[in-house]
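Q: Dropping in structure16.pdb, which is PDB, C-alpha atoms and all ligand atoms:
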ATOM      1  CA  MET C  13     -45.528   3.716  58.374
ATOM      2  CA  ALA C  14     -41.974   3.212  57.115
ATOM      3  CA  PRO C  15     -41.672   0.590  54.354
ATOM      4  CA  GLU C  16     -40.375  -2.840  55.375
ATOM      5  CA  PRO C  17     -36.649  -3.122  54.590
ATOM      6  CA  SER C  18     -36.116  -5.439  51.633
ATOM      7  CA  PRO C  19     -33.280  -7.970  51.419
ATOM      8  CA  THR C  20     -33.029  -7.426  47.666
ATOM      9  CA  SER C  21     -33.500  -3.704  47.081
ATOM     10  CA  SER C  22     -32.525  -0.398  48.617
ATOM     11  CA  ALA C  23     -33.628   3.216  48.456
ATOM     12  CA  ILE C  24     -30.609   5.220  47.374
ATOM     13  CA  THR C  25     -29.862   8.700  46.112
ATOM     14  CA  LEU C  26     -27.647   9.052  43.077
ATOM     15  CA  HIS C  27     -25.884  12.381  42.506
ATOM     16  CA  ILE C  28     -25.616  12.714  38.753
ATOM     17  CA  ASN C  29     -24.370  15.767  36.897
ATOM     18  CA  GLY C  30     -25.074  17.923  39.943
ATOM     19  CA  GLU C  31     -28.619  16.665  40.514
ATOM     20  CA  LYS C  32     -29.965  14.308  43.150
ATOM     21  CA  HIS C  33     -32.001  11.319  42.011
ATOM     22  CA  PRO C  34     -33.756   9.289  44.712
ATOM     23  CA  LEU C  35     -34.284   5.753  43.468
ATOM     24  CA  SER C  36     -35.280   2.340  44.721
ATOM     25  CA  VAL C  37     -33.047  -0.235  43.064
ATOM     26  CA  ASP C  38     -32.592  -3.968  43.103
ATOM     27  CA  HIS C  39     -29.116  -4.581  44.512
ATOM     28  CA  ARG C  40     -28.105  -6.242  41.239
ATOM     29  CA  THR C  41     -28.910  -3.131  39.158
ATOM     30  CA  THR C  42     -25.840  -1.780  37.424
ATOM     31  CA  LEU C  43     -25.107   1.922  37.335
ATOM     32  CA  LEU C  44     -25.440   1.691  33.553
ATOM     33  CA  ASP C  45     -28.971   0.298  33.743
ATOM     34  CA  ALA C  46     -29.946   2.805  36.439
ATOM     35  CA  LEU C  47     -28.755   5.638  34.190
ATOM     36  CA  ARG C  48     -30.326   4.392  30.974
ATOM     37  CA  GLU C  49     -33.428   2.478  32.049
ATOM     38  CA  ARG C  50     -34.472   4.279  35.209
ATOM     39  CA  LEU C  51     -33.292   7.872  34.705
ATOM     40  CA  ASP C  52     -33.470   8.139  30.919
ATOM     41  CA  LEU C  53     -29.852   9.288  30.708
ATOM     42  CA  THR C  54     -29.211   7.412  27.484
ATOM     43  CA  GLY C  55     -26.034   9.273  26.504
ATOM     44  CA  THR C  56     -24.064   6.515  28.210
ATOM     45  CA  LYS C  57     -24.051   3.548  25.856
ATOM     46  CA  LYS C  58     -24.299  -0.196  26.423
ATOM     47  CA  GLY C  59     -21.971  -2.143  24.155
ATOM     48  CA  CYS C  60     -20.791  -5.476  25.532
ATOM     49  CA  ASP C  61     -22.315  -5.207  29.047
ATOM     50  CA  GLN C  62     -19.330  -7.133  30.398
ATOM     51  CA  GLY C  63     -16.501  -4.658  30.843
ATOM     52  CA  GLN C  64     -14.815  -5.246  27.503
ATOM     53  CA  CYS C  65     -15.597  -2.252  25.292
ATOM     54  CA  GLY C  66     -15.614   0.921  27.407
ATOM     55  CA  ALA C  67     -18.761   2.336  25.757
ATOM     56  CA  CYS C  68     -20.408   2.713  29.164
ATOM     57  CA  THR C  69     -17.547   4.685  30.764
ATOM     58  CA  VAL C  70     -18.647   7.421  33.171
ATOM     59  CA  LEU C  71     -16.851   9.361  35.884
ATOM     60  CA  VAL C  72     -17.422   8.595  39.552
ATOM     61  CA  ASP C  73     -15.743  11.128  41.812
ATOM     62  CA  ARG C  74     -13.784  12.149  38.689
ATOM     63  CA  ARG C  75     -12.362   8.653  38.143
ATOM     64  CA  ARG C  76     -13.405   6.628  35.114
ATOM     65  CA  VAL C  77     -15.387   3.447  35.657
ATOM     66  CA  VAL C  78     -17.203   1.067  33.365
ATOM     67  CA  SER C  79     -20.759   1.532  34.543
ATOM     68  CA  CYS C  80     -21.832  -1.935  33.330
ATOM     69  CA  LEU C  81     -19.628  -3.466  36.025
ATOM     70  CA  THR C  82     -20.520  -0.943  38.730
ATOM     71  CA  LEU C  83     -23.490  -1.618  40.968
ATOM     72  CA  ALA C  84     -25.757   1.397  41.329
ATOM     73  CA  VAL C  85     -25.824   1.012  45.120
ATOM     74  CA  THR C  86     -22.044   1.561  45.247
ATOM     75  CA  ALA C  87     -22.475   4.993  43.637
ATOM     76  CA  GLN C  88     -24.610   6.218  46.528
ATOM     77  CA  ASP C  89     -23.309   9.589  47.829
ATOM     78  CA  ARG C  90     -20.664   9.808  45.101
ATOM     79  CA  GLU C  91     -20.573  12.328  42.274
ATOM     80  CA  VAL C  92     -21.418  10.672  38.976
ATOM     81  CA  THR C  93     -20.677  12.560  35.750
ATOM     82  CA  THR C  94     -22.039  11.316  32.454
ATOM     83  CA  VAL C  95     -21.584  12.748  28.974
ATOM     84  CA  GLU C  96     -24.772  14.779  29.517
ATOM     85  CA  GLY C  97     -23.067  16.649  32.363
ATOM     86  CA  LEU C  98     -19.842  17.716  30.658
ATOM     87  CA  ALA C  99     -20.896  20.843  28.778
ATOM     88  CA  ASP C 100     -21.298  24.188  30.505
ATOM     89  CA  GLY C 101     -24.573  25.349  29.012
ATOM     90  CA  ASP C 102     -23.938  25.796  25.302
ATOM     91  CA  ASP C 103     -20.174  25.546  25.787
ATOM     92  CA  LEU C 104     -18.919  22.065  25.140
ATOM     93  CA  HIS C 105     -16.247  20.598  27.367
ATOM     94  CA  PRO C 106     -12.832  21.098  25.677
ATOM     95  CA  VAL C 107     -12.544  17.362  25.032
ATOM     96  CA  GLN C 108     -16.016  17.278  23.454
ATOM     97  CA  GLN C 109     -15.083  20.278  21.312
ATOM     98  CA  ALA C 110     -11.839  18.640  20.217
ATOM     99  CA  PHE C 111     -13.685  15.462  19.170
ATOM    100  CA  LEU C 112     -16.064  17.612  17.158
ATOM    101  CA  ASP C 113     -13.388  19.777  15.562
ATOM    102  CA  LEU C 114     -11.039  16.905  14.721
ATOM    103  CA  ASP C 115     -13.593  14.255  13.694
ATOM    104  CA  GLY C 116     -12.899  11.972  16.655
ATOM    105  CA  TYR C 117     -15.823   9.709  15.810
ATOM    106  CA  GLN C 118     -17.778   8.110  13.006
ATOM    107  CA  CYS C 119     -20.957   6.425  14.228
ATOM    108  CA  GLY C 120     -20.602   8.012  17.648
ATOM    109  CA  TYR C 121     -21.671   4.959  19.634
ATOM    110  CA  CYS C 122     -18.399   4.679  21.525
ATOM    111  CA  THR C 123     -17.938   8.455  21.705
ATOM    112  CA  PRO C 124     -19.499   9.230  25.125
ATOM    113  CA  GLY C 125     -17.276   6.587  26.716
ATOM    114  CA  GLN C 126     -14.224   7.729  24.754
ATOM    115  CA  ILE C 127     -14.770  11.326  25.891
ATOM    116  CA  CYS C 128     -15.303  10.463  29.560
ATOM    117  CA  SER C 129     -12.264   8.220  29.460
ATOM    118  CA  ALA C 130     -10.180  10.892  27.722
ATOM    119  CA  ILE C 131     -11.064  13.489  30.359
ATOM    120  CA  ALA C 132      -9.954  11.116  33.097
ATOM    121  CA  LEU C 133      -6.763  10.089  31.312
ATOM    122  CA  ILE C 134      -5.701  13.707  30.914
ATOM    123  CA  GLU C 135      -6.234  14.157  34.661
ATOM    124  CA  GLU C 136      -4.368  10.935  35.462
ATOM    125  CA  HIS C 137      -1.437  11.930  33.274
ATOM    126  CA  ALA C 138      -1.340  15.440  34.762
ATOM    127  CA  ALA C 139      -1.281  13.877  38.232
ATOM    128  CA  GLY C 140       1.816  11.868  37.259
ATOM    129  CA  TRP C 141       0.224   8.430  37.038
ATOM    130  CA  PRO C 142       2.329   6.212  34.758
ATOM    131  CA  SER C 143       0.907   3.902  32.106
ATOM    132  CA  ALA C 144       2.239   0.609  30.756
ATOM    133  CA  VAL C 145       4.269   2.502  28.126
ATOM    134  CA  THR C 146       5.679   5.222  30.379
ATOM    135  CA  PRO C 147       9.443   4.818  29.931
ATOM    136  CA  ASP C 148      10.491   5.775  33.466
ATOM    137  CA  VAL C 149       8.093   5.104  36.326
ATOM    138  CA  ASP C 150      10.437   6.489  38.984
ATOM    139  CA  PRO C 151       8.313   9.081  40.856
ATOM    140  CA  ASP C 152      11.298  11.459  40.752
ATOM    141  CA  ALA C 153      11.671  11.167  36.967
ATOM    142  CA  THR C 154      10.726  14.054  34.686
ATOM    143  CA  PRO C 155       7.015  13.576  33.825
ATOM    144  CA  ALA C 156       6.624  11.843  30.461
ATOM    145  CA  PRO C 157       4.814  13.876  27.793
ATOM    146  CA  LEU C 158       1.351  12.747  26.733
ATOM    147  CA  THR C 159       2.519  11.194  23.483
ATOM    148  CA  PRO C 160       0.240   9.421  20.984
ATOM    149  CA  ASP C 161       1.544   6.103  22.371
ATOM    150  CA  GLU C 162       0.598   7.179  25.899
ATOM    151  CA  ILE C 163      -2.884   8.185  24.706
ATOM    152  CA  ARG C 164      -3.355   4.905  22.830
ATOM    153  CA  GLU C 165      -2.333   2.872  25.860
ATOM    154  CA  ARG C 166      -4.410   4.901  28.307
ATOM    155  CA  LEU C 167      -7.473   4.689  26.027
ATOM    156  CA  SER C 168      -6.998   1.023  25.191
ATOM    157  CA  GLY C 169     -10.043   0.038  27.237
ATOM    158  CA  ASN C 170     -12.297   1.987  24.885
ATOM    159  CA  LEU C 171     -12.981   0.229  21.611
ATOM    160  CA  CYS C 172     -14.199   1.948  18.453
ATOM    161  CA  ARG C 173     -15.601  -0.537  15.978
ATOM    162  CA  CYS C 174     -15.538   1.832  13.038
ATOM    163  CA  GLY C 175     -11.903   2.731  13.462
ATOM    164  CA  ALA C 176     -11.807   6.428  14.298
ATOM    165  CA  TYR C 177      -8.715   5.845  16.409
ATOM    166  CA  VAL C 178      -6.393   8.159  14.473
ATOM    167  CA  SER C 179      -8.733  11.113  14.918
ATOM    168  CA  ILE C 180      -9.535  10.192  18.520
ATOM    169  CA  VAL C 181      -5.842  10.269  19.469
ATOM    170  CA  ARG C 182      -5.456  13.573  17.645
ATOM    171  CA  ALA C 183      -8.452  15.050  19.495
ATOM    172  CA  VAL C 184      -7.244  13.943  22.923
ATOM    173  CA  ALA C 185      -3.740  15.271  22.245
ATOM    174  CA  HIS C 186      -5.194  18.578  21.108
ATOM    175  CA  ALA C 187      -7.461  18.945  24.146
ATOM    176  CA  ALA C 188      -4.627  18.077  26.524
ATOM    177  CA  ALA C 189      -2.190  20.443  24.841
ATOM    178  CA  THR C 190      -4.548  23.384  24.596
ATOM    179  CA  HIS C 191      -6.420  23.058  27.884
ATOM    180  CA  GLY C 192      -4.243  20.930  30.133
ATOM    181  CA  ARG C 193      -6.315  19.675  33.009
ATOM    182  CA  SER C 194      -9.932  19.750  32.065
ATOM    183  CA  PRO C 195     -11.848  22.639  33.656
ATOM    184  CA  ALA C 196     -14.980  20.613  34.336
ATOM    185  CA  LEU C 197     -13.068  18.208  36.499
ATOM    186  CA  THR C 198     -10.582  20.487  38.221
ATOM    187  CA  THR C 199     -11.463  21.244  41.816
ATOM    188  CA  GLU C 200      -9.449  22.443  44.742
ATOM    189  CA  GLU C 201      -8.918  18.791  45.633
ATOM    190  CA  GLY C 202      -7.028  18.168  42.387
ATOM    191  CA  ALA C 203      -7.042  14.818  40.666
ATOM    192  CA  ALA C 204      -5.456  12.683  43.357
TER
HETATM  193  S1  LIG T 301     -20.835  -1.875  27.972
HETATM  194 FE1  LIG T 301     -19.556  -1.611  29.685
HETATM  195  S2  LIG T 301     -17.566  -2.129  28.982
HETATM  196 FE2  LIG T 301     -18.876  -2.576  27.315
HETATM  197  S1  LIG T 302     -17.281   6.102  16.475
HETATM  198 FE1  LIG T 302     -18.264   4.281  15.872
HETATM  199  S2  LIG T 302     -17.735   2.796  17.387
HETATM  200 FE2  LIG T 302     -16.571   4.538  17.815
END
Could I get this file's structure written as structure tokens?

A:
Amino acid sequence: MAPEPSPTSSAITLHINGEKHPLSVDHRTTLLDALRERLDLTGTKKGCDQGQCGACTVLVDRRRVVSCLTLAVTAQDREVTTVEGLADGDDLHPVQQAFLDLDGYQCGYCTPGQICSAIALIEEHAAGWPSAVTPDVDPDATPAPLTPDEIRERLSGNLCRCGAYVSIVRAVAHAAATHGRSPALTTEEGAA
């Protein structure tokens, strides 16, 4: 006999890093708690739990979201990518490799969110999305380069309490310059 529908929970399937995860969740469960507490995907970190620090940033359909403010039920049938899903086997994602090579972290707590956010910002910039510091937002203007100021502004939602910002900006600039759009996130649909 089919289970009685519940007014407070739903059976959903989350698609995470290419795998399907059937789950019954309370409607109030955040994507962050579903990842960490229910699926043991603890790479995504909980900092403030109120949308202020960016530590919990993951990609949903290749766009960055703070998973502490995203209800798990809203991720049903969407492609969720966490830091665990970025590498290709033993080959790190270019942004991960750049953080490693250029010391883009100290304690590492904010790092998974910084990396997911950086991947998305490179895509957003490549797609021509302006930021608050883009000098000319006319769509016909020559695309602005991804300067350190652009990176700082676009990553401003990701806080690093131990102050690795200088190296983080350097790592993102390096990954963007050497790899352009990130391979793990480039599909025939593009970034739009
Ligand atoms: S834990 Fe989500 S923004 Fe801080
Ligand atoms: S590396 Fe420590 S909080 Fe960012």

Q: With all atoms listed in the file counted, which protein, DNA or RNA residues have an atom no more than 8 Å from (-19.8, -5.8, 34.6) in the file frame? Please answer as a ChimeraX atom specification.

A: /C:42,61-63,78-82

Q: I need the residue set behind the PyMOL selection byres (((chain C and resi 120-125) around 9) and not hetatm) for this file; please write it as a PyMOL selection string.

A: chain C and resi 55-59+65-70+78+94-96+108+111+116-119+126-130+170-173

Q: May I have the selected residues written with C-alpha atoms, as a PDB file, in the frame of the given file?

A:
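Dumped to selection.pdb:
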ATOM      1  CA  GLY C  55     -26.034   9.273  26.504  1.00  0.00           C
ATOM      2  CA  THR C  56     -24.064   6.515  28.210  1.00  0.00           C
ATOM      3  CA  LYS C  57     -24.051   3.548  25.856  1.00  0.00           C
ATOM      4  CA  LYS C  58     -24.299  -0.196  26.423  1.00  0.00           C
ATOM      5  CA  GLY C  59     -21.971  -2.143  24.155  1.00  0.00           C
ATOM      6  CA  CYS C  65     -15.597  -2.252  25.292  1.00  0.00           C
ATOM      7  CA  GLY C  66     -15.614   0.921  27.407  1.00  0.00           C
ATOM      8  CA  ALA C  67     -18.761   2.336  25.757  1.00  0.00           C
ATOM      9  CA  CYS C  68     -20.408   2.713  29.164  1.00  0.00           C
ATOM     10  CA  THR C  69     -17.547   4.685  30.764  1.00  0.00           C
ATOM     11  CA  VAL C  70     -18.647   7.421  33.171  1.00  0.00           C
ATOM     12  CA  VAL C  78     -17.203   1.067  33.365  1.00  0.00           C
ATOM     13  CA  THR C  94     -22.039  11.316  32.454  1.00  0.00           C
ATOM     14  CA  VAL C  95     -21.584  12.748  28.974  1.00  0.00           C
ATOM     15  CA  GLU C  96     -24.772  14.779  29.517  1.00  0.00           C
ATOM     16  CA  GLN C 108     -16.016  17.278  23.454  1.00  0.00           C
ATOM     17  CA  PHE C 111     -13.685  15.462  19.170  1.00  0.00           C
ATOM     18  CA  GLY C 116     -12.899  11.972  16.655  1.00  0.00           C
ATOM     19  CA  TYR C 117     -15.823   9.709  15.810  1.00  0.00           C
ATOM     20  CA  GLN C 118     -17.778   8.110  13.006  1.00  0.00           C
ATOM     21  CA  CYS C 119     -20.957   6.425  14.228  1.00  0.00           C
ATOM     22  CA  GLN C 126     -14.224   7.729  24.754  1.00  0.00           C
ATOM     23  CA  ILE C 127     -14.770  11.326  25.891  1.00  0.00           C
ATOM     24  CA  CYS C 128     -15.303  10.463  29.560  1.00  0.00           C
ATOM     25  CA  SER C 129     -12.264   8.220  29.460  1.00  0.00           C
ATOM     26  CA  ALA C 130     -10.180  10.892  27.722  1.00  0.00           C
ATOM     27  CA  ASN C 170     -12.297   1.987  24.885  1.00  0.00           C
ATOM     28  CA  LEU C 171     -12.981   0.229  21.611  1.00  0.00           C
ATOM     29  CA  CYS C 172     -14.199   1.948  18.453  1.00  0.00           C
ATOM     30  CA  ARG C 173     -15.601  -0.537  15.978  1.00  0.00           C
TER      31      ARG C 173
END

Q: Report the distance between atom FE2 of ligand LIG 301 (chain T) and CA of Gln64 (chain C) in Å, rounded to one decimal place.

A: 4.9 Å

Q: Nearest residue to His186 (chain C) out of C:Leu35, C:Val107, C:Ala156, C:Ile131, using all atoms listed in the file?

A: C:Val107

Q: What's around Glu31 (chain C) at 10 Å? Count only C-alpha atoms, leave out sequence neighbours fewer than 3 positions away in its own chain, and write the answer as a PDB file with C-alpha atoms, in the coordinates of the input.

A:
ATOM      1  CA  THR C  25     -29.862   8.700  46.112  1.00  0.00           C
ATOM      2  CA  LEU C  26     -27.647   9.052  43.077  1.00  0.00           C
ATOM      3  CA  HIS C  27     -25.884  12.381  42.506  1.00  0.00           C
ATOM      4  CA  ILE C  28     -25.616  12.714  38.753  1.00  0.00           C
ATOM      5  CA  PRO C  34     -33.756   9.289  44.712  1.00  0.00           C
ATOM      6  CA  GLU C  91     -20.573  12.328  42.274  1.00  0.00           C
ATOM      7  CA  VAL C  92     -21.418  10.672  38.976  1.00  0.00           C
ATOM      8  CA  GLY C  97     -23.067  16.649  32.363  1.00  0.00           C
TER       9      GLY C  97
END

Q: Smallest atom-to-atom distance to ligand LIG 301 (chain T): which of C:Glu136, C:Asp113, C:Asp45, C:Asp150, using only C-alpha atoms and all ligand atoms?

A: C:Asp45

Q: As an exercise, work out the distance from CA of Val178 (chain C) to CA of Leu112 (chain C) in Å and give it to one decimal place.

A: 13.8 Å

Q: For ligand LIG 302 (chain T), which of C:Leu47, C:Ala176, C:Ala84, C:Val181 is the closest residue, counting only C-alpha atoms and all ligand atoms?

A: C:Ala176

Q: Grab the CA of Ala46 (chain C) to CA of Asp73 (chain C) distance for me, in Å with one decimal place.

A: 17.3 Å

Q: Nearest to ligand LIG 302 (chain T): which of C:Ile163, C:Cys174, C:Leu51, C:Ala99 is it, counting all atoms listed in the file?

A: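 Closest candidate: C:Cys174.
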
Q: Padding 5 Å on every side, please: axis-aligned box over the listed atoms of ligand LIG 301 (chain T), centre and edge lengths to one decimal in Å, as lines of an AutoDock Vina configuration file.

A:
center_x = -19.2
center_y = -2.1
center_z = 28.5
size_x = 13.3
size_y = 11.0
size_z = 12.4

Q: Please determine, counting all atoms listed in the file, which residue among C:Gln109, C:Thr20, C:Thr154, C:Thr54 has the shortest atom-to-atom distance to Gly140 (chain C).

A: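 Selected residue with least distance to Gly140 (chain C): C:Thr154.
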
Q: Identify which of the residues C:Ser18, C:Ser179, C:Ser168, C:Gln88 lies closest to ligand LIG 301 (chain T), counting all atoms listed in the file when measuring atom-to-atom distances.

A: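 Ranked by minimum distance to ligand LIG 301 (chain T), first place goes to C:Ser168.
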
Q: Can you tell me which residues surround Leu83 (chain C) at a distance of at most 7 Å, considering all atoms listed in the file, apart from same-chain residues fewer than 6 positions away, and format the answer as a PyMOL selection string?

A: chain C and resi 40-43

Q: Residues within 12 Å of Pro147 (chain C), please, as an MDAnalysis selection string. Count only C-alpha atoms; anything in the same chain fewer than 4 positions from it doesn't count.

A: chainID C and resid 142:143 151 153:159 161:162

Q: Can you pull out the residues contacting Pro160 (chain C)? Cut-off 9 Å, using all atoms listed in the file, and skip same-chain residues under 3 positions away; I want them as a PDB file with C-alpha atoms, in the coordinates of the input.

A:
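Output (result-v5.pdb):
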ATOM      1  CA  ILE C 163      -2.884   8.185  24.706  1.00  0.00           C
ATOM      2  CA  ARG C 164      -3.355   4.905  22.830  1.00  0.00           C
ATOM      3  CA  GLU C 165      -2.333   2.872  25.860  1.00  0.00           C
ATOM      4  CA  VAL C 181      -5.842  10.269  19.469  1.00  0.00           C
ATOM      5  CA  ARG C 182      -5.456  13.573  17.645  1.00  0.00           C
ATOM      6  CA  VAL C 184      -7.244  13.943  22.923  1.00  0.00           C
ATOM      7  CA  ALA C 185      -3.740  15.271  22.245  1.00  0.00           C
TER       8      ALA C 185
END
